[in-house]
>>> print(open('protein-v4.cif').read())   # mmCIF, C-alpha atoms and all ligand atoms
data_structure
#
loop_
_atom_site.group_PDB
_atom_site.id
_atom_site.type_symbol
_atom_site.label_atom_id
_atom_site.label_comp_id
_atom_site.auth_asym_id
_atom_site.auth_seq_id
_atom_site.Cartn_x
_atom_site.Cartn_y
_atom_site.Cartn_z
ATOM 1 C CA MET E 1 124.352 111.270 187.792
ATOM 2 C CA THR E 2 122.440 112.045 184.633
ATOM 3 C CA THR E 3 121.374 115.346 183.094
ATOM 4 C CA LEU E 4 119.127 115.248 180.036
ATOM 5 C CA PHE E 5 118.687 117.981 177.413
ATOM 6 C CA ILE E 6 115.831 118.079 174.924
ATOM 7 C CA SER E 7 114.462 120.766 172.639
ATOM 8 C CA ASP E 8 112.178 121.500 169.708
ATOM 9 C CA LEU E 9 109.550 118.845 170.328
ATOM 10 C CA HIS E 10 106.916 121.187 168.875
ATOM 11 C CA LEU E 11 104.134 119.378 170.736
ATOM 12 C CA GLU E 12 100.707 119.942 169.183
ATOM 13 C CA GLU E 13 97.287 118.289 169.079
ATOM 14 C CA SER E 14 97.673 117.199 165.460
ATOM 15 C CA ARG E 15 100.842 115.166 166.240
ATOM 16 C CA PRO E 16 99.834 112.656 168.935
ATOM 17 C CA ASP E 17 102.800 110.514 167.855
ATOM 18 C CA ILE E 18 105.190 113.171 169.210
ATOM 19 C CA THR E 19 103.239 113.400 172.462
ATOM 20 C CA ASP E 20 103.337 109.601 172.827
ATOM 21 C CA ALA E 21 107.079 109.526 172.151
ATOM 22 C CA PHE E 22 107.635 112.239 174.751
ATOM 23 C CA LEU E 23 105.508 110.499 177.387
ATOM 24 C CA GLY E 24 107.451 107.300 176.689
ATOM 25 C CA PHE E 25 110.728 109.195 177.072
ATOM 26 C CA LEU E 26 109.591 110.570 180.441
ATOM 27 C CA GLN E 27 108.619 107.095 181.651
ATOM 28 C CA GLU E 28 111.684 105.266 180.400
ATOM 29 C CA LYS E 29 114.469 107.846 180.585
ATOM 30 C CA ALA E 30 113.622 110.859 182.702
ATOM 31 C CA HIS E 31 112.164 109.450 185.921
ATOM 32 C CA GLY E 32 114.741 109.706 188.665
ATOM 33 C CA VAL E 33 117.495 111.471 186.682
ATOM 34 C CA GLU E 34 119.060 114.496 188.304
ATOM 35 C CA LYS E 35 117.999 117.205 185.859
ATOM 36 C CA LEU E 36 115.957 117.591 182.701
ATOM 37 C CA TYR E 37 116.436 120.701 180.575
ATOM 38 C CA ILE E 38 113.812 121.572 177.964
ATOM 39 C CA LEU E 39 115.484 124.133 175.714
ATOM 40 C CA GLY E 40 112.709 125.789 173.790
ATOM 41 C CA ASP E 41 109.950 125.154 171.293
ATOM 42 C CA PHE E 42 108.579 122.474 173.559
ATOM 43 C CA PHE E 43 105.186 123.440 172.149
ATOM 44 C CA GLU E 44 104.405 124.361 168.551
ATOM 45 C CA ALA E 45 102.699 127.532 169.764
ATOM 46 C CA TRP E 46 101.798 129.142 173.080
ATOM 47 C CA ILE E 47 99.354 132.004 173.489
ATOM 48 C CA GLY E 48 99.155 132.237 177.267
ATOM 49 C CA ASP E 49 99.005 129.945 180.281
ATOM 50 C CA ASP E 50 95.245 130.485 180.517
ATOM 51 C CA GLU E 51 94.530 128.425 177.392
ATOM 52 C CA ARG E 52 94.874 125.115 179.275
ATOM 53 C CA THR E 53 94.112 122.691 176.460
ATOM 54 C CA PRO E 54 93.837 118.967 177.270
ATOM 55 C CA LEU E 55 97.282 118.446 175.678
ATOM 56 C CA GLN E 56 98.853 121.182 177.805
ATOM 57 C CA GLU E 57 97.271 119.775 180.962
ATOM 58 C CA GLN E 58 98.400 116.248 180.095
ATOM 59 C CA ILE E 59 101.974 117.415 179.525
ATOM 60 C CA ALA E 60 102.017 119.502 182.721
ATOM 61 C CA ALA E 61 100.779 116.511 184.746
ATOM 62 C CA ALA E 62 103.351 114.161 183.192
ATOM 63 C CA LEU E 63 106.193 116.617 183.891
ATOM 64 C CA CYS E 64 104.922 117.183 187.414
ATOM 65 C CA ALA E 65 105.070 113.428 188.072
ATOM 66 C CA VAL E 66 108.711 113.394 186.942
ATOM 67 C CA SER E 67 109.436 116.418 189.110
ATOM 68 C CA GLU E 68 107.898 114.599 192.084
ATOM 69 C CA SER E 69 110.204 111.640 191.391
ATOM 70 C CA GLY E 70 113.044 113.998 192.354
ATOM 71 C CA THR E 71 114.131 115.258 188.915
ATOM 72 C CA GLU E 72 114.703 118.996 188.625
ATOM 73 C CA ILE E 73 113.045 120.278 185.454
ATOM 74 C CA PHE E 74 114.071 123.475 183.677
ATOM 75 C CA LEU E 75 112.335 125.107 180.763
ATOM 76 C CA MET E 76 113.680 127.738 178.372
ATOM 77 C CA HIS E 77 111.562 129.620 175.857
ATOM 78 C CA GLY E 78 111.899 129.006 172.137
ATOM 79 C CA ASN E 79 110.845 131.247 169.291
ATOM 80 C CA ARG E 80 107.388 129.641 169.216
ATOM 81 C CA ASP E 81 106.497 129.157 172.876
ATOM 82 C CA PHE E 82 108.009 132.331 174.363
ATOM 83 C CA LEU E 83 104.764 133.157 176.183
ATOM 84 C CA ILE E 84 104.989 130.147 178.505
ATOM 85 C CA GLY E 85 104.729 131.643 181.973
ATOM 86 C CA HIS E 86 105.069 130.804 185.627
ATOM 87 C CA ASP E 87 101.542 129.377 185.908
ATOM 88 C CA PHE E 88 102.314 126.594 183.462
ATOM 89 C CA CYS E 89 105.745 126.034 185.003
ATOM 90 C CA ASP E 90 104.188 125.723 188.450
ATOM 91 C CA ARG E 91 101.705 123.142 187.164
ATOM 92 C CA ALA E 92 104.557 121.237 185.502
ATOM 93 C CA GLY E 93 106.933 121.441 188.463
ATOM 94 C CA ALA E 94 109.432 123.236 186.226
ATOM 95 C CA THR E 95 111.650 126.290 186.626
ATOM 96 C CA LEU E 96 111.744 128.857 183.831
ATOM 97 C CA LEU E 97 115.268 129.635 182.591
ATOM 98 C CA ASP E 98 116.499 132.805 180.912
ATOM 99 C CA ASP E 99 117.965 132.535 177.410
ATOM 100 C CA PRO E 100 120.963 132.455 177.612
ATOM 101 C CA THR E 101 121.833 130.759 180.899
ATOM 102 C CA VAL E 102 125.170 129.336 182.025
ATOM 103 C CA VAL E 103 124.921 126.242 184.210
ATOM 104 C CA ASP E 104 127.537 124.235 186.046
ATOM 105 C CA LEU E 105 127.440 120.834 184.313
ATOM 106 C CA TYR E 106 129.418 118.583 186.666
ATOM 107 C CA GLY E 107 132.163 121.161 186.980
ATOM 108 C CA THR E 108 132.057 122.571 183.442
ATOM 109 C CA ALA E 109 130.481 125.956 182.810
ATOM 110 C CA THR E 110 127.960 125.257 180.055
ATOM 111 C CA LEU E 111 126.038 127.783 177.967
ATOM 112 C CA LEU E 112 122.394 126.962 177.281
ATOM 113 C CA MET E 113 120.471 128.781 174.544
ATOM 114 C CA HIS E 114 117.521 128.051 172.307
ATOM 115 C CA GLY E 115 119.546 129.351 169.377
ATOM 116 C CA ASP E 116 117.268 131.805 167.588
ATOM 117 C CA SER E 117 119.165 134.760 169.065
ATOM 118 C CA LEU E 118 122.169 133.590 166.998
ATOM 119 C CA CYS E 119 120.366 134.117 163.669
ATOM 120 C CA THR E 120 121.896 137.587 163.539
ATOM 121 C CA ALA E 121 121.843 137.895 159.741
ATOM 122 C CA ASP E 122 118.044 137.741 159.845
ATOM 123 C CA VAL E 123 117.514 141.378 160.758
ATOM 124 C CA GLU E 124 113.738 141.236 160.306
ATOM 125 C CA TYR E 125 113.479 138.271 162.644
ATOM 126 C CA GLN E 126 115.658 139.925 165.294
ATOM 127 C CA LYS E 127 113.392 143.012 165.217
ATOM 128 C CA PHE E 128 110.347 140.757 165.536
ATOM 129 C CA ARG E 129 112.042 138.861 168.365
ATOM 130 C CA ALA E 130 112.867 142.047 170.283
ATOM 131 C CA ASN E 131 109.207 143.057 170.000
ATOM 132 C CA MET E 132 107.906 139.658 171.113
ATOM 133 C CA ARG E 133 110.179 139.656 174.157
ATOM 134 C CA ASN E 134 109.117 143.132 175.284
ATOM 135 C CA PRO E 135 107.224 142.655 178.594
ATOM 136 C CA GLN E 136 104.821 145.519 177.815
ATOM 137 C CA TRP E 137 103.950 144.008 174.431
ATOM 138 C CA GLN E 138 103.463 140.627 176.069
ATOM 139 C CA GLN E 139 101.149 142.073 178.727
ATOM 140 C CA MET E 140 99.118 143.794 176.025
ATOM 141 C CA ILE E 141 98.789 140.559 174.044
ATOM 142 C CA LEU E 142 97.962 138.425 177.073
ATOM 143 C CA GLN E 143 95.062 140.731 177.943
ATOM 144 C CA ARG E 144 93.361 140.070 174.605
ATOM 145 C CA PRO E 145 90.602 137.449 174.446
ATOM 146 C CA LEU E 146 91.757 133.857 174.001
ATOM 147 C CA ALA E 147 90.004 133.589 170.616
ATOM 148 C CA ASP E 148 91.961 136.624 169.300
ATOM 149 C CA ARG E 149 95.233 135.124 170.472
ATOM 150 C CA GLN E 150 94.395 131.770 168.878
ATOM 151 C CA GLN E 151 93.772 133.599 165.612
ATOM 152 C CA MET E 152 97.092 135.440 165.918
ATOM 153 C CA ALA E 153 98.987 132.207 166.558
ATOM 154 C CA ARG E 154 97.457 130.660 163.421
HETATM 155 MN MN MN E 201 112.971 127.130 167.490
#
>>> encode(input="protein-v4.cif", output="structure tokens")
Amino acid sequence: MTTLFISDLHLEESRPDITDAFLGFLQEKAHGVEKLYILGDFFEAWIGDDERTPLQEQIAAALCAVSESGTEIFLMHGNRDFLIGHDFCDRAGATLLDDPTVVDLYGTATLLMHGDSLCTADVEYQKFRANMRNPQWQQMILQRPLADRQQMAR
């Protein structure tokens, strides 16, 4: 039985070396394991599942292949990719996890978090975070044109 945890890959077009390393990891390590947890900031930025860049599609397809090998894949938001939604997760064969989540890791209750919620001394960031995680704010942002959202992310 194997469960793998990864986080903070910050995948982006300008770092094909990271993408290659990740695809190699999926091939060599993740195929056929029991569970793979991706604990946030998988992507450098995420502005909505409708963007569908070639990188995003490539990653979704690679994850989906691992999922079809029998590995359960779980994805938690980070502070940069918190707009990843169910559309992307469906394409990737992944289940979206709340932050925090407690899982049963072979009999041990185990707390999974991205970690940014623990930066409690950074009051400005926590205000920003509360705003970003507000479903109404997210709906408002996701309705804006893709080009506007790309500008915002930059
Ligand atoms: Mn982060």
>>> resolve_selection(input="protein-v4.cif", expression="the PyMOL selection byres (((chain E and resi 111) around 10) and not hetatm)", output="mmCIF file with C-alpha atoms, in the frame of the given file")
data_model
loop_
_atom_site.group_PDB
_atom_site.id
_atom_site.type_symbol
_atom_site.label_atom_id
_atom_site.label_comp_id
_atom_site.auth_asym_id
_atom_site.auth_seq_id
_atom_site.Cartn_x
_atom_site.Cartn_y
_atom_site.Cartn_z
ATOM 1 C CA ASP E 99 117.965 132.535 177.410
ATOM 2 C CA PRO E 100 120.963 132.455 177.612
ATOM 3 C CA THR E 101 121.833 130.759 180.899
ATOM 4 C CA VAL E 102 125.170 129.336 182.025
ATOM 5 C CA VAL E 103 124.921 126.242 184.210
ATOM 6 C CA ASP E 104 127.537 124.235 186.046
ATOM 7 C CA LEU E 105 127.440 120.834 184.313
ATOM 8 C CA THR E 108 132.057 122.571 183.442
ATOM 9 C CA ALA E 109 130.481 125.956 182.810
ATOM 10 C CA THR E 110 127.960 125.257 180.055
ATOM 11 C CA LEU E 112 122.394 126.962 177.281
ATOM 12 C CA MET E 113 120.471 128.781 174.544
#
>>> resolve_selection(input="protein-v4.cif", expression="the PyMOL selection byres (((not hetatm)) within 12 of (chain E and resi 201))", output="PyMOL selection string")
chain E and resi 7-10+38-45+76-82+113-119+129
>>> resolve_selection(input="protein-v4.cif", expression="the PyMOL selection byres (((chain E and resi 96) around 9) and not hetatm)", output="ChimeraX atom specification")
/E:73-77,84-86,89,94-95,97-98
>>> residues_around(input="protein-v4.cif", residues="His31 in chain E", least_positions_apart="2", cutoff="10 Å", atoms="all atoms listed in the file", output="NGL selection string")
:E and (25-29 or 33-36 or 63 or 65-71)
>>> atom_distance(input="protein-v4.cif", atom1="CA of Arg149 in chain E", atom2="CA of Asp50 in chain E")
11.1 Å
>>> axis_aligned_box(input="protein-v4.cif", around="range 9-22 of chain E", padding_each_side="5 Å", output="lines of an AutoDock Vina configuration file")
center_x = 103.4
center_y = 115.4
center_z = 170.1
size_x = 22.3
size_y = 21.7
size_z = 19.3
>>> residues_around(input="protein-v4.cif", residues="Met132 in chain E", least_positions_apart="3", cutoff="10 Å", atoms="all atoms listed in the file", output="VMD selection string")
chain E and resid 79 82 to 83 126 to 129 135 to 138 141
>>> closest_residue(input="protein-v4.cif", among="E:Leu146, E:Ala92, E:Ile59, E:Ile6", to="Asp20 in chain E", atoms="all atoms listed in the file")
E:Ile59
>>> closest_residue(input="protein-v4.cif", among="E:Ala121, E:Gln143, E:Leu55, E:Asp49", to="Asp90 in chain E", atoms="only C-alpha atoms")
E:Asp49
>>> atom_distance(input="protein-v4.cif", atom1="CA of Asn134 in chain E", atom2="CA of Trp46 in chain E")
15.9 Å
>>> closest_residue(input="protein-v4.cif", among="E:Asp122, E:Gly48, E:Tyr106, E:Arg154", to="Gln139 in chain E", atoms="all atoms listed in the file")
E:Gly48
>>> atom_distance(input="protein-v4.cif", atom1="CA of Arg91 in chain E", atom2="CA of Ala61 in chain E")
7.1 Å
>>> closest_residue(input="protein-v4.cif", among="E:Pro145, E:Ala130, E:Met1, E:Thr120", to="Gly32 in chain E", atoms="all atoms listed in the file")
E:Met1
>>> closest_residue(input="protein-v4.cif", among="E:Cys64, E:Met140, E:Leu23, E:Ala30", to="Thr3 in chain E", atoms="all atoms listed in the file")
E:Ala30
>>> decode(input="protein-v4.cif", residues="range 98-113 of chain E", atoms="all heavy atoms", output="tab-separated table (two decimals), in the first residue's frame")
chain	number	residue	atom	x	y	z
E	98	ASP	N	-11.46	19.71	0.67
E	98	ASP	CA	-11.49	20.94	1.46
E	98	ASP	C	-10.16	21.12	2.19
E	98	ASP	O	-9.46	20.15	2.48
E	98	ASP	CB	-12.59	20.86	2.54
E	98	ASP	CG	-13.97	20.99	1.93
E	98	ASP	OD1	-14.09	21.56	0.83
E	98	ASP	OD2	-14.92	20.50	2.56
E	99	ASP	N	-9.83	22.36	2.49
E	99	ASP	CA	-8.67	22.69	3.32
E	99	ASP	C	-9.20	23.29	4.62
E	99	ASP	O	-9.77	24.38	4.60
E	99	ASP	CB	-7.78	23.69	2.59
E	99	ASP	CG	-6.55	24.10	3.38
E	99	ASP	OD1	-6.34	23.58	4.50
E	99	ASP	OD2	-5.80	24.96	2.88
E	100	PRO	N	-9.05	22.67	5.76
E	100	PRO	CA	-8.34	21.41	6.02
E	100	PRO	C	-9.24	20.19	5.84
E	100	PRO	O	-10.47	20.31	5.86
E	100	PRO	CB	-7.96	21.55	7.50
E	100	PRO	CG	-9.10	22.34	8.09
E	100	PRO	CD	-9.55	23.29	7.00
E	101	THR	N	-8.60	19.03	5.70
E	101	THR	CA	-9.30	17.75	5.67
E	101	THR	C	-8.53	16.76	6.54
E	101	THR	O	-7.30	16.76	6.53
E	101	THR	CB	-9.37	17.20	4.22
E	101	THR	OG1	-10.29	17.98	3.47
E	101	THR	CG2	-9.82	15.74	4.18
E	102	VAL	N	-9.26	15.95	7.29
E	102	VAL	CA	-8.62	14.87	8.05
E	102	VAL	C	-8.90	13.56	7.32
E	102	VAL	O	-10.05	13.26	6.99
E	102	VAL	CB	-9.16	14.81	9.50
E	102	VAL	CG1	-8.56	13.61	10.23
E	102	VAL	CG2	-8.83	16.10	10.24
E	103	VAL	N	-7.83	12.82	7.02
E	103	VAL	CA	-7.99	11.53	6.37
E	103	VAL	C	-7.50	10.43	7.30
E	103	VAL	O	-6.71	10.67	8.22
E	103	VAL	CB	-7.23	11.45	5.02
E	103	VAL	CG1	-7.77	12.49	4.05
E	103	VAL	CG2	-5.72	11.60	5.21
E	104	ASP	N	-7.94	9.24	7.03
E	104	ASP	CA	-7.49	8.06	7.76
E	104	ASP	C	-6.32	7.46	6.98
E	104	ASP	O	-6.51	6.87	5.92
E	104	ASP	CB	-8.66	7.06	7.86
E	104	ASP	CG	-8.24	5.77	8.56
E	104	ASP	OD1	-7.03	5.57	8.82
E	104	ASP	OD2	-9.14	4.95	8.82
E	105	LEU	N	-5.09	7.69	7.48
E	105	LEU	CA	-3.90	7.20	6.78
E	105	LEU	C	-3.48	5.89	7.42
E	105	LEU	O	-2.74	5.88	8.41
E	105	LEU	CB	-2.80	8.26	6.85
E	105	LEU	CG	-1.55	8.01	6.01
E	105	LEU	CD1	-1.88	8.00	4.52
E	105	LEU	CD2	-0.49	9.06	6.30
E	106	TYR	N	-3.99	4.80	6.90
E	106	TYR	CA	-3.68	3.45	7.41
E	106	TYR	C	-3.86	3.38	8.93
E	106	TYR	O	-2.99	2.93	9.66
E	106	TYR	CB	-2.26	3.04	7.01
E	106	TYR	CG	-2.01	3.21	5.53
E	106	TYR	CD1	-1.09	4.15	5.06
E	106	TYR	CD2	-2.73	2.46	4.59
E	106	TYR	CE1	-0.88	4.32	3.69
E	106	TYR	CE2	-2.53	2.63	3.22
E	106	TYR	CZ	-1.61	3.56	2.78
E	106	TYR	OH	-1.42	3.75	1.44
E	107	GLY	N	-4.99	3.93	9.38
E	107	GLY	CA	-5.34	3.83	10.79
E	107	GLY	C	-4.98	5.04	11.63
E	107	GLY	O	-5.34	5.10	12.80
E	108	THR	N	-4.26	6.00	11.05
E	108	THR	CA	-3.88	7.20	11.79
E	108	THR	C	-4.62	8.40	11.22
E	108	THR	O	-4.48	8.70	10.02
E	108	THR	CB	-2.36	7.45	11.69
E	108	THR	OG1	-1.68	6.31	12.22
E	108	THR	CG2	-1.95	8.69	12.46
E	109	ALA	N	-5.37	9.08	12.07
E	109	ALA	CA	-6.05	10.31	11.63
E	109	ALA	C	-4.98	11.34	11.27
E	109	ALA	O	-4.09	11.63	12.07
E	109	ALA	CB	-6.95	10.83	12.74
E	110	THR	N	-5.06	11.87	10.05
E	110	THR	CA	-3.99	12.72	9.53
E	110	THR	C	-4.58	13.99	8.94
E	110	THR	O	-5.48	13.95	8.11
E	110	THR	CB	-3.20	11.94	8.45
E	110	THR	OG1	-2.73	10.72	9.03
E	110	THR	CG2	-2.05	12.75	7.91
E	111	LEU	N	-4.08	15.12	9.44
E	111	LEU	CA	-4.59	16.43	9.00
E	111	LEU	C	-3.85	16.88	7.75
E	111	LEU	O	-2.62	16.93	7.72
E	111	LEU	CB	-4.36	17.46	10.13
E	111	LEU	CG	-4.73	18.91	9.83
E	111	LEU	CD1	-6.24	19.06	9.59
E	111	LEU	CD2	-4.26	19.82	10.96
E	112	LEU	N	-4.61	17.21	6.72
E	112	LEU	CA	-4.03	17.73	5.48
E	112	LEU	C	-4.44	19.19	5.31
E	112	LEU	O	-5.60	19.54	5.44
E	112	LEU	CB	-4.56	16.92	4.28
E	112	LEU	CG	-4.35	15.42	4.32
E	112	LEU	CD1	-4.93	14.77	3.06
E	112	LEU	CD2	-2.87	15.08	4.46
E	113	MET	N	-3.43	20.03	5.05
E	113	MET	CA	-3.68	21.46	4.81
E	113	MET	C	-2.69	21.94	3.77
E	113	MET	O	-1.61	21.36	3.64
E	113	MET	CB	-3.43	22.29	6.08
E	113	MET	CG	-4.06	21.79	7.33
E	113	MET	SD	-3.54	22.78	8.78
E	113	MET	CE	-4.71	24.14	8.66
